[in-house]
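Take a look at the structure set out below.
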Amino acid sequence: MKLLSRKVTCNSHGQDSSYFLGWQEYEKNPYDEKKNPKGIIQMGLAENQLSFDLLESWLAKNPDAAGFKRDGQSIFRELALFQDYHGLPAFKKALVEFMSEIRGNKVTFDSNKVVLTAGATSANETLMFCLAELGDAFLIPTPYYPGFDRDLKWRTGAEIVPIQCTSSNGFQITETALEEAYQQAKKQNLKVKGVLVTNPSNPLGTTMSRNELYLLVDFITAKNIHLISDEIYSGTVFNSPGFISIMEILKDRNCENTEVWNRVHIVYSLSKDLGLPGFRVGALYSNDDMVVAAATKMSSFGLVSSQTQYLLSALLSDKKFTRNYISENQKRLKQRQKKLISGLEKAGISCLKSNSGLFCWVDMRHLLSSNTFEAEIELWKKIVYDVKLNISPGSSCHCTEPGWFRVCFANMSEETLKLSMQRLKAFVDSTTNGHNQSSHQSVKNSRRTSLTKWVFRLSFDDREPCGER
Amino acid sequence: MLSRKASCDAHGQDSSYFLGWQAYENNPYHQVDNPSGIIQMGLAENQLSFDLLESWLASNPDAVGMKRNGESVFKELALFQDYHGLPAFKNELVKLMSKIRGDKAKFDPKKLVLTAGATSANETLMFCLADPGEAFLLPTPYYPGFDRDLKWRPDVEIVPIHCSSSNGFRITMPALEEAYERAQRLNLKVKGVLVTNPSNPLGTTLTRDELNHLITFAIAKRIHIMSDEIYSGTVFDSPRFISITEAVMDRNLEDTDLWSRIHIVYSLSKDLGLPGFRVGMIYSNNETVVAAATKMSSFGLISSQTQFLLANMLADKKFTCKYMKENGKRLKKRMEMLVSGLKMAGVRCLKSNAGLFCWVDMRHLLVSNTFEAEKELWKKIIFEVGLNISPGSSCHCTEPGWFRVCFANMSEDTLQVSLRRIKAFVESNISGCSQQQQRRGSIIGKWVSKLSSSDPEPDR
C-alpha cells in the first residue's frame, strides 16, 4: 500500500528548478570578502540589505518594543497568550496605514479586511485555497517568481497557465496574451478562476502601467474571475513612473459597489521593503467578506508570532520613522540599481528599464551560443561555475525567450557588487575576444557589432522608448 | 465563485466548542469590573508559570534584544528564513523533548521540522501521510480542533475509535479493530492512527498497554502512528509519561519499517504557556516525510525573532530544569484544587495525571441520558452558572454527560469562585421542587454522601 501522500512522492513542490539548484552551488562555495574571495557571489536572492541601520537605530531607541513592554509595563503575558487569528489590532492598523503611505495615501485600507499570515508565501497559498481547487487554474504573466509553482499549485491542486509576455513590448501584458492564455486553459479542460499578477513585477522590476491595469480590470470583469495582486514589492518603487495600486484603478473607475470590487485581492509582506523575511510577516487584503472570513480561519495554520506583531506594530506606528524609512530606502535602492546598470553597461550588457524591486531583468541574449534554452542553461552554468555569480536564469521564471536573467543588487555590499561586475566584464571580454576558429566566428562578430550598438544606445539614450524600456 | 473549502463549513467552527467562546466574549468575568460574568474554563492555557518566564527574560535582555554577547544579531535574524530552522533552536528543542521523556530516548535535530504551532504541524503531517479521501483513526473523545486541522484543507476523513467510561476511556484492541472495519465499510482507506498523549480532553497519559495495542495494530495494518505529544510537558503526577518512541524501542522495533511510520508532534504552547509565539514541530524517523514537511513548513515558519529568544531560554538548562519542576508542582496543586472543589459539589472527574483540564462526570446532572440533555445542561452552566466549559459532544464523546473543565488559565481566586458557583448550582438542582426532581435529588444525594464519606474512587 502506498505509504505517503502523492504530494510528497511527486515533485510539484517545484524545487528541482534551476532557481533552487543555483542556490545549492552557492551554499557549497559562498563568497566572503576575507575568507573566500574567489567564492560564488549570491545575486539570486531578492533580499533588501540596504537599510538595516535605520531599523537597528530605531530598535536601539525603542527597547520596549522588543522587550515586551508598553509604557514601561510588561505585557509579556498578554503577548504570550495572544493567538487570536484576527491578529493584533494595533498591528493591523499600523500595517494598513503603512500600506496606504506606500501608495501615496491615494487609497486607504480597512484593517478589518486584512488577514495576517506567516509571510506572503502563506498568504498566496491561502488565497489559492479560498479561490481555487483541483481542476481550476490561475493565469499568471511570464516571467514570474519561481516560488509560485510551489505556493499556488502544490497543496491546493490548482494549476497555473502562463500569460506569455515578450520583450517586444517590454514584457507588458496585452489583451491578446490574456485571451490566448484563457483559451489555452480551456483547451486543457481547466476552469479559469482568476489572474495573479505581481506588481511591481518579480523578476522584471517594473511597475504595471495604467494601461495594463485597465486591461486586467476589463478582462476579469468580462470573464467574471478574480484578480490577485501580489504587491510585495510595492515599498521598493524608487523611480518614476510611480506605483499605481490596483485599488487606485478600481476607485478611479468607480468600481466600489460593483461585483468586481469583491474579486480583487491584494497580498503584501514586510519581507522586501523592510528587509525582514525572517520575521514571517505577510498579509492578504480582500473586499470579499467570505474570503476574509475563510482566510482568517485558515491563517491558524500560519499565524504571525505575537512577539513579532508587537515589535512591528510599534515600529510601523512611528510615523516619523516610516516616512523617513520609505524615502531613504527608496533612495538607496535607486542608487544601488544605478550601480548595477552602469556595471552591466561597461560589460556591454543591457537591462530592461526598471523602477522598482531588488533586481534587474538582464538581457544576455547576445551571449547565447544559440537562441535556445539549452544555450541559456549553458551560459548560466558558465556564469555560476566560471564567473562565480549566482544569478537566476529566465527559464526558471518561465520566460518564453531564452537569454534573460534576474540579477539582484540589494543583498550585498557595494564592494561586492563592484566585484561581481568586474567578474562579469572580464567574462564578456574573454568571450568577445575569444579566438574561435570555427564557423561561429562570423556569428560572434555580428553579435559583437550588435553589442556595441546596444552599448552606444544605452550610454546616450536614457529614455529609450522602443521595445525594452 | 469561491472554492468549496471557503464556502462550506468544514472548518468545523460552528461546533459548540467555539459557540461557548462567543458567549464568554459577550460577557467575560472580571474580578472587579464584571464579577458576575462568565468564567472561561474552556481554554486549555497554562497561565501558572509566567513569573518564572518573566524573571528569566528580565535577567537575559540580550535574548530579547536580539543580541549575542552584547553584539547585535538583528540583521542575521531579520534575514534568516531558512526552512531548516535555526540550528541552535532545534538543538535545544530535541534536548528538551528528551528531558521530558526522562531521557529514555534521544532525538536528532535533523529529523525535527519547525512549524507555526502544533496546528500547522498536524495539518502538514496530514498533507504528507494521506491523500484526499483517505482516513485517520482517532480515539474519542478528542480535541475539537482536529476536525478543522486534519479534514479541512487536506481533505482527510476522521473515523473515531470509540472509547467509553467503562474502562476510563482507554483504547482497546476491539475498539481499534471496530473503527478500522467501520472505515472499510465506508470505503475509506485508513492511513494511520492519531493519538494525543497525554490526552486532550482526558488529561491522562496513555498506558503501556494502550501503546502496545497501537503498535501491534499499526504493524498489522501497515499504517502510521501520529502521536500528538503537545501536553507531554504537563505531566505532573504518576504514572510517568511513556512516549510512543519509548514503547517502540522497548519492543525492539527500531529496525523495522514501523519505525519510519512513527511521527510525533510537539509545541511550546502548553507547557511553556506560549501559544502566541506559534512554536510547533514535527519529529519523524521517515526521511521522505521530514524532507517534504520541511518544504511545506514554508507556509508556516516560526519567526526568527522568536526562534532566537527561545533558543536562548532553552539553552539555560538550570532554568528549564527549575521551570519544568516548578510548573509541574503548580499544575498538580491546581488540579487537586479543582478536583476537591468538584468533589464537594458531588461531582467526580476521571482520575488524571497531566494536561491543563479535568474530564468531569456530570452524567448524574442530566435530565436524560442523551446529548440533548447534555446540551441543555451545558447551556444552563454557561448562562445560569456562568462557566464556559466544553461539552463532551464537542469532543465526539460517545457518552453524554462528560465535560472538559480547564484549571490552569485563571487565578486561584477565580477558580474558587467557579467552584462555589458549581456547588451552588448542584445544590439548587438537588433541592428543586418537582417530584421528579426530588427523586433525582435523592439519587444525587446518595452520590454526594458516598463521595464525602469514602476515600478517592478509582475514577474520581
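Naming scheme: A, B, ... for chains in displayed order of the C-alpha cells; residues 1 onward per chain; ligands 1 onward as shown.
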
Which neighbours of A:Pro141 fall inside 10 Å, counting only C-alpha atoms, when residues of the same chain fewer than 5 positions from it are skipped, and could you give them as a PDB file with all heavy atoms, in the first residue's frame?
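Writing done, so here's selection-v1.pdb:
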```
ATOM      1  N   ILE A 160      -1.432  26.475 -12.897  1.00  0.00           N
ATOM      2  CA  ILE A 160      -1.042  27.792 -13.400  1.00  0.00           C
ATOM      3  C   ILE A 160      -0.986  27.702 -14.912  1.00  0.00           C
ATOM      4  O   ILE A 160      -0.389  26.778 -15.471  1.00  0.00           O
ATOM      5  CB  ILE A 160       0.352  28.204 -12.884  1.00  0.00           C
ATOM      6  CG1 ILE A 160       0.319  28.423 -11.370  1.00  0.00           C
ATOM      7  CG2 ILE A 160       0.832  29.469 -13.588  1.00  0.00           C
ATOM      8  CD1 ILE A 160       1.691  28.738 -10.785  1.00  0.00           C
ATOM      9  N   VAL A 161      -1.619  28.674 -15.595  1.00  0.00           N
ATOM     10  CA  VAL A 161      -1.499  28.752 -17.047  1.00  0.00           C
ATOM     11  C   VAL A 161      -0.834  30.089 -17.348  1.00  0.00           C
ATOM     12  O   VAL A 161      -1.314  31.143 -16.906  1.00  0.00           O
ATOM     13  CB  VAL A 161      -2.872  28.663 -17.750  1.00  0.00           C
ATOM     14  CG1 VAL A 161      -2.720  28.897 -19.244  1.00  0.00           C
ATOM     15  CG2 VAL A 161      -3.498  27.298 -17.476  1.00  0.00           C
ATOM     16  N   PRO A 162       0.309  30.071 -18.061  1.00  0.00           N
ATOM     17  CA  PRO A 162       1.049  31.317 -18.262  1.00  0.00           C
ATOM     18  C   PRO A 162       0.416  32.236 -19.295  1.00  0.00           C
ATOM     19  O   PRO A 162      -0.135  31.787 -20.299  1.00  0.00           O
ATOM     20  CB  PRO A 162       2.417  30.835 -18.749  1.00  0.00           C
ATOM     21  CG  PRO A 162       2.181  29.488 -19.331  1.00  0.00           C
ATOM     22  CD  PRO A 162       1.002  28.898 -18.646  1.00  0.00           C
ATOM     23  N   ILE A 163       0.528  33.557 -19.001  1.00  0.00           N
ATOM     24  CA  ILE A 163       0.163  34.584 -19.968  1.00  0.00           C
ATOM     25  C   ILE A 163       1.497  34.993 -20.575  1.00  0.00           C
ATOM     26  O   ILE A 163       2.335  35.591 -19.911  1.00  0.00           O
ATOM     27  CB  ILE A 163      -0.471  35.809 -19.259  1.00  0.00           C
ATOM     28  CG1 ILE A 163      -1.729  35.390 -18.478  1.00  0.00           C
ATOM     29  CG2 ILE A 163      -0.787  36.919 -20.262  1.00  0.00           C
ATOM     30  CD1 ILE A 163      -2.170  36.425 -17.438  1.00  0.00           C
ATOM     31  N   GLN A 164       1.703  34.628 -21.835  1.00  0.00           N
ATOM     32  CA  GLN A 164       3.032  34.837 -22.420  1.00  0.00           C
ATOM     33  C   GLN A 164       3.306  36.301 -22.729  1.00  0.00           C
ATOM     34  O   GLN A 164       2.606  36.929 -23.503  1.00  0.00           O
ATOM     35  CB  GLN A 164       3.183  34.012 -23.710  1.00  0.00           C
ATOM     36  CG  GLN A 164       2.734  32.556 -23.588  1.00  0.00           C
ATOM     37  CD  GLN A 164       3.664  31.686 -22.743  1.00  0.00           C
ATOM     38  OE1 GLN A 164       4.473  32.195 -21.972  1.00  0.00           O
ATOM     39  NE2 GLN A 164       3.540  30.381 -22.894  1.00  0.00           N
ATOM     40  N   CYS A 165       4.347  36.823 -22.103  1.00  0.00           N
ATOM     41  CA  CYS A 165       4.760  38.202 -22.373  1.00  0.00           C
ATOM     42  C   CYS A 165       6.140  38.155 -23.026  1.00  0.00           C
ATOM     43  O   CYS A 165       6.912  37.234 -22.772  1.00  0.00           O
ATOM     44  CB  CYS A 165       4.795  39.016 -21.087  1.00  0.00           C
ATOM     45  SG  CYS A 165       3.182  39.088 -20.265  1.00  0.00           S
ATOM     46  N   THR A 166       6.401  39.145 -23.874  1.00  0.00           N
ATOM     47  CA  THR A 166       7.683  39.112 -24.595  1.00  0.00           C
ATOM     48  C   THR A 166       8.402  40.443 -24.535  1.00  0.00           C
ATOM     49  O   THR A 166       7.820  41.475 -24.173  1.00  0.00           O
ATOM     50  CB  THR A 166       7.463  38.777 -26.083  1.00  0.00           C
ATOM     51  OG1 THR A 166       6.838  39.916 -26.702  1.00  0.00           O
ATOM     52  CG2 THR A 166       6.592  37.565 -26.255  1.00  0.00           C
ATOM     53  N   PHE A 171       7.785  43.179 -22.083  1.00  0.00           N
ATOM     54  CA  PHE A 171       7.109  42.159 -21.278  1.00  0.00           C
ATOM     55  C   PHE A 171       5.818  42.652 -20.640  1.00  0.00           C
ATOM     56  O   PHE A 171       5.392  42.153 -19.598  1.00  0.00           O
ATOM     57  CB  PHE A 171       8.042  41.606 -20.183  1.00  0.00           C
ATOM     58  CG  PHE A 171       9.230  40.869 -20.729  1.00  0.00           C
ATOM     59  CD1 PHE A 171      10.447  41.515 -20.917  1.00  0.00           C
ATOM     60  CD2 PHE A 171       9.130  39.529 -21.073  1.00  0.00           C
ATOM     61  CE1 PHE A 171      11.549  40.842 -21.444  1.00  0.00           C
ATOM     62  CE2 PHE A 171      10.224  38.838 -21.593  1.00  0.00           C
ATOM     63  CZ  PHE A 171      11.428  39.504 -21.795  1.00  0.00           C
ATOM     64  N   GLN A 172       5.171  43.627 -21.255  1.00  0.00           N
ATOM     65  CA  GLN A 172       3.908  44.090 -20.696  1.00  0.00           C
ATOM     66  C   GLN A 172       2.786  43.126 -21.084  1.00  0.00           C
ATOM     67  O   GLN A 172       2.859  42.427 -22.093  1.00  0.00           O
ATOM     68  CB  GLN A 172       3.597  45.496 -21.194  1.00  0.00           C
ATOM     69  CG  GLN A 172       4.565  46.513 -20.612  1.00  0.00           C
ATOM     70  CD  GLN A 172       4.068  47.926 -20.785  1.00  0.00           C
ATOM     71  OE1 GLN A 172       3.013  48.286 -20.276  1.00  0.00           O
ATOM     72  NE2 GLN A 172       4.815  48.729 -21.516  1.00  0.00           N
ATOM     73  N   ILE A 173       1.744  43.127 -20.270  1.00  0.00           N
ATOM     74  CA  ILE A 173       0.592  42.254 -20.516  1.00  0.00           C
ATOM     75  C   ILE A 173      -0.254  42.875 -21.621  1.00  0.00           C
ATOM     76  O   ILE A 173      -0.500  44.082 -21.624  1.00  0.00           O
ATOM     77  CB  ILE A 173      -0.267  42.135 -19.244  1.00  0.00           C
ATOM     78  CG1 ILE A 173       0.563  41.526 -18.104  1.00  0.00           C
ATOM     79  CG2 ILE A 173      -1.508  41.279 -19.500  1.00  0.00           C
ATOM     80  CD1 ILE A 173      -0.155  41.566 -16.759  1.00  0.00           C
ATOM     81  N   THR A 174      -0.666  42.052 -22.579  1.00  0.00           N
ATOM     82  CA  THR A 174      -1.535  42.547 -23.641  1.00  0.00           C
ATOM     83  C   THR A 174      -2.859  41.791 -23.610  1.00  0.00           C
ATOM     84  O   THR A 174      -2.955  40.699 -23.050  1.00  0.00           O
ATOM     85  CB  THR A 174      -0.914  42.318 -25.027  1.00  0.00           C
ATOM     86  OG1 THR A 174      -0.813  40.906 -25.239  1.00  0.00           O
ATOM     87  CG2 THR A 174       0.460  42.956 -25.132  1.00  0.00           C
ATOM     88  N   ALA A 177      -2.538  38.415 -25.272  1.00  0.00           N
ATOM     89  CA  ALA A 177      -1.883  37.409 -24.424  1.00  0.00           C
ATOM     90  C   ALA A 177      -2.858  36.874 -23.384  1.00  0.00           C
ATOM     91  O   ALA A 177      -2.876  35.680 -23.080  1.00  0.00           O
ATOM     92  CB  ALA A 177      -0.657  38.020 -23.755  1.00  0.00           C
ATOM     93  N   LEU A 178      -3.680  37.754 -22.809  1.00  0.00           N
ATOM     94  CA  LEU A 178      -4.669  37.327 -21.812  1.00  0.00           C
ATOM     95  C   LEU A 178      -5.653  36.343 -22.436  1.00  0.00           C
ATOM     96  O   LEU A 178      -5.916  35.272 -21.889  1.00  0.00           O
ATOM     97  CB  LEU A 178      -5.430  38.542 -21.273  1.00  0.00           C
ATOM     98  CG  LEU A 178      -4.709  39.412 -20.236  1.00  0.00           C
ATOM     99  CD1 LEU A 178      -5.417  40.756 -20.064  1.00  0.00           C
ATOM    100  CD2 LEU A 178      -4.615  38.707 -18.897  1.00  0.00           C
ATOM    101  N   ALA A 181      -4.115  32.954 -23.213  1.00  0.00           N
ATOM    102  CA  ALA A 181      -3.925  32.143 -22.003  1.00  0.00           C
ATOM    103  C   ALA A 181      -5.252  31.532 -21.573  1.00  0.00           C
ATOM    104  O   ALA A 181      -5.335  30.361 -21.199  1.00  0.00           O
ATOM    105  CB  ALA A 181      -3.339  32.997 -20.887  1.00  0.00           C
ATOM    106  N   VAL A 195      -6.724  35.758 -12.350  1.00  0.00           N
ATOM    107  CA  VAL A 195      -5.392  36.149 -12.810  1.00  0.00           C
ATOM    108  C   VAL A 195      -4.597  36.551 -11.574  1.00  0.00           C
ATOM    109  O   VAL A 195      -5.146  37.154 -10.640  1.00  0.00           O
ATOM    110  CB  VAL A 195      -5.476  37.376 -13.758  1.00  0.00           C
ATOM    111  CG1 VAL A 195      -4.090  37.768 -14.236  1.00  0.00           C
ATOM    112  CG2 VAL A 195      -6.386  37.075 -14.941  1.00  0.00           C
ATOM    113  N   LEU A 196      -3.318  36.186 -11.553  1.00  0.00           N
ATOM    114  CA  LEU A 196      -2.463  36.651 -10.468  1.00  0.00           C
ATOM    115  C   LEU A 196      -1.311  37.430 -11.073  1.00  0.00           C
ATOM    116  O   LEU A 196      -0.619  36.928 -11.960  1.00  0.00           O
ATOM    117  CB  LEU A 196      -1.916  35.471  -9.659  1.00  0.00           C
ATOM    118  CG  LEU A 196      -1.105  35.839  -8.390  1.00  0.00           C
ATOM    119  CD1 LEU A 196      -1.199  34.732  -7.356  1.00  0.00           C
ATOM    120  CD2 LEU A 196       0.351  36.129  -8.696  1.00  0.00           C
ATOM    121  N   VAL A 197      -1.148  38.660 -10.630  1.00  0.00           N
ATOM    122  CA  VAL A 197      -0.026  39.452 -11.118  1.00  0.00           C
ATOM    123  C   VAL A 197       0.824  39.873  -9.927  1.00  0.00           C
ATOM    124  O   VAL A 197       0.320  39.985  -8.807  1.00  0.00           O
ATOM    125  CB  VAL A 197      -0.493  40.722 -11.872  1.00  0.00           C
ATOM    126  CG1 VAL A 197      -1.253  40.341 -13.123  1.00  0.00           C
ATOM    127  CG2 VAL A 197      -1.329  41.619 -10.986  1.00  0.00           C
ATOM    128  N   THR A 198       2.090  40.101 -10.180  1.00  0.00           N
ATOM    129  CA  THR A 198       2.968  40.632  -9.147  1.00  0.00           C
ATOM    130  C   THR A 198       3.282  42.058  -9.576  1.00  0.00           C
ATOM    131  O   THR A 198       3.814  42.284 -10.664  1.00  0.00           O
ATOM    132  CB  THR A 198       4.262  39.809  -9.040  1.00  0.00           C
ATOM    133  OG1 THR A 198       3.914  38.441  -8.863  1.00  0.00           O
ATOM    134  CG2 THR A 198       5.089  40.255  -7.852  1.00  0.00           C
ATOM    135  N   SER A 201       6.661  43.980 -10.593  1.00  0.00           N
ATOM    136  CA  SER A 201       6.925  42.620 -11.045  1.00  0.00           C
ATOM    137  C   SER A 201       8.227  42.025 -10.532  1.00  0.00           C
ATOM    138  O   SER A 201       9.262  42.678 -10.460  1.00  0.00           O
ATOM    139  CB  SER A 201       6.955  42.595 -12.582  1.00  0.00           C
ATOM    140  OG  SER A 201       7.622  41.424 -13.036  1.00  0.00           O
ATOM    141  N   HIS A 398      10.004  30.875 -16.143  1.00  0.00           N
ATOM    142  CA  HIS A 398       9.066  30.559 -17.227  1.00  0.00           C
ATOM    143  C   HIS A 398       9.045  31.622 -18.325  1.00  0.00           C
ATOM    144  O   HIS A 398       8.015  31.830 -18.973  1.00  0.00           O
ATOM    145  CB  HIS A 398       7.639  30.363 -16.695  1.00  0.00           C
ATOM    146  CG  HIS A 398       7.558  29.279 -15.660  1.00  0.00           C
ATOM    147  ND1 HIS A 398       7.445  27.952 -15.986  1.00  0.00           N
ATOM    148  CD2 HIS A 398       7.618  29.343 -14.310  1.00  0.00           C
ATOM    149  CE1 HIS A 398       7.425  27.236 -14.881  1.00  0.00           C
ATOM    150  NE2 HIS A 398       7.530  28.043 -13.846  1.00  0.00           N
ATOM    151  N   CYS A 399      10.178  32.299 -18.539  1.00  0.00           N
ATOM    152  CA  CYS A 399      10.233  33.296 -19.604  1.00  0.00           C
ATOM    153  C   CYS A 399      10.169  32.572 -20.950  1.00  0.00           C
ATOM    154  O   CYS A 399      10.754  31.500 -21.107  1.00  0.00           O
ATOM    155  CB  CYS A 399      11.530  34.101 -19.496  1.00  0.00           C
ATOM    156  SG  CYS A 399      11.605  35.482 -20.643  1.00  0.00           S
TER     157      CYS A 399
END
```

Checklist entry - When DSSP works through the backbone of this structure, what residues of stretch 211-408 of chain A end up as alpha helix (DSSP H), shown as a count of residues only? => result 79

May I have the residues within 7 Å of stretch 123-125 of chain A as an mmCIF file with all heavy atoms, in the first residue's frame, using only C-alpha atoms and disregarding those fewer than 4 positions away in the same chain?
```cif
data_model
loop_
_atom_site.group_PDB
_atom_site.id
_atom_site.type_symbol
_atom_site.label_atom_id
_atom_site.label_comp_id
_atom_site.auth_asym_id
_atom_site.auth_seq_id
_atom_site.Cartn_x
_atom_site.Cartn_y
_atom_site.Cartn_z
ATOM 1 N N THR A 117 -0.674 36.608 7.865
ATOM 2 C CA THR A 117 -0.212 35.239 7.593
ATOM 3 C C THR A 117 1.303 35.193 7.768
ATOM 4 O O THR A 117 1.966 36.230 7.716
ATOM 5 C CB THR A 117 -0.512 34.834 6.134
ATOM 6 O OG1 THR A 117 0.175 35.739 5.261
ATOM 7 C CG2 THR A 117 -1.995 34.889 5.824
ATOM 8 N N GLY A 119 4.084 35.267 6.355
ATOM 9 C CA GLY A 119 4.756 35.534 5.089
ATOM 10 C C GLY A 119 3.803 35.573 3.913
ATOM 11 O O GLY A 119 2.672 35.075 3.991
ATOM 12 N N PHE A 129 -6.298 28.507 -1.805
ATOM 13 C CA PHE A 129 -7.228 27.575 -1.173
ATOM 14 C C PHE A 129 -8.642 28.152 -1.130
ATOM 15 O O PHE A 129 -9.621 27.410 -1.187
ATOM 16 C CB PHE A 129 -6.785 27.260 0.273
ATOM 17 C CG PHE A 129 -5.865 26.084 0.404
ATOM 18 C CD1 PHE A 129 -4.610 26.228 0.985
ATOM 19 C CD2 PHE A 129 -6.255 24.816 -0.010
ATOM 20 C CE1 PHE A 129 -3.748 25.142 1.128
ATOM 21 C CE2 PHE A 129 -5.401 23.713 0.137
ATOM 22 C CZ PHE A 129 -4.143 23.888 0.700
ATOM 23 N N ASP A 151 3.950 27.508 -4.292
ATOM 24 C CA ASP A 151 2.985 28.162 -3.417
ATOM 25 C C ASP A 151 1.541 28.022 -3.880
ATOM 26 O O ASP A 151 0.624 27.882 -3.067
ATOM 27 C CB ASP A 151 3.309 29.657 -3.286
ATOM 28 C CG ASP A 151 4.699 29.906 -2.720
ATOM 29 O OD1 ASP A 151 5.357 28.936 -2.295
ATOM 30 O OD2 ASP A 151 5.137 31.073 -2.721
ATOM 31 N N LEU A 152 1.322 28.084 -5.188
ATOM 32 C CA LEU A 152 -0.049 28.100 -5.682
ATOM 33 C C LEU A 152 -0.580 26.728 -6.078
ATOM 34 O O LEU A 152 -1.794 26.514 -6.074
ATOM 35 C CB LEU A 152 -0.161 29.046 -6.886
ATOM 36 C CG LEU A 152 0.428 30.452 -6.692
ATOM 37 C CD1 LEU A 152 0.242 31.273 -7.958
ATOM 38 C CD2 LEU A 152 -0.228 31.149 -5.512
ATOM 39 N N VAL A 267 -1.991 40.954 -1.908
ATOM 40 C CA VAL A 267 -1.076 40.279 -0.990
ATOM 41 C C VAL A 267 0.063 41.243 -0.696
ATOM 42 O O VAL A 267 0.534 41.969 -1.592
ATOM 43 C CB VAL A 267 -0.517 38.977 -1.610
ATOM 44 C CG1 VAL A 267 0.684 38.453 -0.819
ATOM 45 C CG2 VAL A 267 -1.615 37.920 -1.672
ATOM 46 N N GLY A 282 3.251 38.423 6.611
ATOM 47 C CA GLY A 282 2.557 38.575 5.352
ATOM 48 C C GLY A 282 1.127 38.985 5.631
ATOM 49 O O GLY A 282 0.657 38.935 6.774
ATOM 50 N N ALA A 283 0.442 39.383 4.579
ATOM 51 C CA ALA A 283 -0.950 39.782 4.760
ATOM 52 C C ALA A 283 -1.694 39.625 3.461
ATOM 53 O O ALA A 283 -1.119 39.767 2.378
ATOM 54 C CB ALA A 283 -1.026 41.243 5.221
ATOM 55 N N LEU A 284 -2.986 39.309 3.576
ATOM 56 C CA LEU A 284 -3.816 39.370 2.390
ATOM 57 C C LEU A 284 -4.964 40.308 2.701
ATOM 58 O O LEU A 284 -5.391 40.447 3.850
ATOM 59 C CB LEU A 284 -4.283 37.988 1.941
ATOM 60 C CG LEU A 284 -5.147 37.118 2.826
ATOM 61 C CD1 LEU A 284 -6.615 37.358 2.577
ATOM 62 C CD2 LEU A 284 -4.816 35.655 2.524
#
```

Checklist entry - For chain A against chain B, which residues fall within 8 Å using only C-alpha atoms, given as a PyMOL selection string? => result chain A and resi 3-8+13+47+52+56+63+66-67+76-77+79-83+118-119+121-122+125+129-133+155+193+225+275-280+290-291+294-295+297+300-308

Just the strand (DSSP E) stuff from stretch 164-404 of chain B, please, per backbone DSSP, written as an mmCIF file with C-alpha atoms, in the first residue's frame.
```cif
data_model
loop_
_atom_site.group_PDB
_atom_site.id
_atom_site.type_symbol
_atom_site.label_atom_id
_atom_site.label_comp_id
_atom_site.auth_asym_id
_atom_site.auth_seq_id
_atom_site.Cartn_x
_atom_site.Cartn_y
_atom_site.Cartn_z
ATOM 1 C CA VAL B 190 -7.043 4.048 6.656
ATOM 2 C CA LYS B 191 -3.560 5.582 6.616
ATOM 3 C CA GLY B 192 -2.940 5.763 10.335
ATOM 4 C CA VAL B 193 -3.972 6.388 13.898
ATOM 5 C CA LEU B 194 -3.585 9.739 15.607
ATOM 6 C CA VAL B 195 -3.458 9.791 19.358
ATOM 7 C CA THR B 196 -2.935 12.710 21.708
ATOM 8 C CA HIS B 224 1.207 5.267 10.567
ATOM 9 C CA ILE B 225 1.089 6.295 14.196
ATOM 10 C CA MET B 226 0.923 10.022 14.816
ATOM 11 C CA SER B 227 1.427 10.920 18.433
ATOM 12 C CA ASP B 228 0.491 14.464 19.348
ATOM 13 C CA ILE B 262 6.085 6.889 13.811
ATOM 14 C CA HIS B 263 5.633 10.668 13.863
ATOM 15 C CA ILE B 264 5.495 12.970 16.851
ATOM 16 C CA VAL B 265 4.017 16.440 17.146
ATOM 17 C CA TYR B 266 5.106 18.833 19.849
ATOM 18 C CA SER B 267 4.730 22.507 20.746
ATOM 19 C CA GLY B 280 5.303 23.769 16.904
ATOM 20 C CA MET B 281 7.228 20.904 15.445
ATOM 21 C CA ILE B 282 7.108 17.533 13.740
ATOM 22 C CA TYR B 283 9.533 14.766 14.567
ATOM 23 C CA SER B 284 9.718 11.860 12.184
ATOM 24 C CA ARG B 348 -16.444 13.466 40.068
ATOM 25 C CA CYS B 349 -13.675 13.546 37.458
ATOM 26 C CA PHE B 357 -8.025 20.316 32.454
ATOM 27 C CA CYS B 358 -10.094 17.593 34.031
ATOM 28 C CA TRP B 359 -12.596 15.336 32.360
ATOM 29 C CA VAL B 360 -15.624 15.860 34.534
ATOM 30 C CA ASP B 361 -18.510 13.478 35.050
ATOM 31 C CA LEU B 387 -18.943 28.966 33.457
ATOM 32 C CA ASN B 388 -17.735 28.254 29.942
ATOM 33 C CA SER B 390 -16.614 22.242 26.979
ATOM 34 C CA PRO B 391 -19.345 19.658 26.473
ATOM 35 C CA TRP B 402 -18.909 14.486 30.330
ATOM 36 C CA PHE B 403 -17.348 17.946 30.273
ATOM 37 C CA ARG B 404 -13.808 19.255 29.957
#
```

Item to check | Neighbour list for A:Asn324 as a PyMOL selection string, cut-off 12 Å, only C-alpha atoms, skip fewer than 3 positions in-chain | outcome: chain A and resi 51+54-55+58+101-102+316+318-321+327-331

Next on the checklist: Just want the 8 Å neighbourhood of B:Trp259, counted on only C-alpha atoms, with same-chain residues fewer than 5 positions away dropped. Output as number ranges by chain.
Outcome noted: B: 248, 253-254, 285-286

Print the selection's residues with N, CA and C atoms to a file, as a compact mmCIF listing (two decimals), in the first residue's frame.
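See selection.txt below for the written result:
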```
# COMPACT_ATOMS: atom_id res chain seq x y z
N VAL B 248 8.02 1.82 21.38
CA VAL B 248 8.50 1.10 20.20
C VAL B 248 9.89 0.53 20.46
N LEU B 253 11.78 -2.51 18.08
CA LEU B 253 11.25 -2.38 16.73
C LEU B 253 11.93 -1.26 15.94
N GLU B 254 13.08 -0.74 16.47
CA GLU B 254 13.75 0.37 15.77
C GLU B 254 14.19 0.02 14.37
N ASN B 285 10.91 9.79 11.91
CA ASN B 285 12.05 8.97 11.54
C ASN B 285 12.06 8.70 10.04
N ASN B 286 11.05 9.22 9.36
CA ASN B 286 10.93 8.97 7.93
C ASN B 286 11.54 10.13 7.15
```

Next on the checklist: Using Å and a single decimal, report how far atom CA of A:Tyr310 sits from atom CA of B:Lys318.
Outcome noted: 28.8 Å

Checklist entry - Do you know which residues are at most 9 Å from A:Gln73 counting only C-alpha atoms, after dropping those on the same chain fewer than 4 positions away, and could you put them as a PyMOL selection string? => result chain A and resi 64+68-69

Convert the current residue selection to file output with N, CA, C and O atoms, as a CSV table (one decimal), in the first residue's frame.
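Dumped everything to selection-v1.csv:
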```
chain,number,residue,atom,x,y,z
A,64,ASP,N,11.5,49.1,24.5
A,64,ASP,CA,10.3,48.5,24.9
A,64,ASP,C,9.6,47.6,23.9
A,64,ASP,O,9.0,46.5,24.2
A,68,PHE,N,8.9,43.5,25.1
A,68,PHE,CA,7.6,43.1,25.6
A,68,PHE,C,7.0,44.1,26.6
A,68,PHE,O,6.3,43.7,27.6
A,69,LYS,N,7.3,45.4,26.4
A,69,LYS,CA,6.8,46.4,27.3
A,69,LYS,C,6.0,47.4,26.6
A,69,LYS,O,6.3,47.8,25.4
```
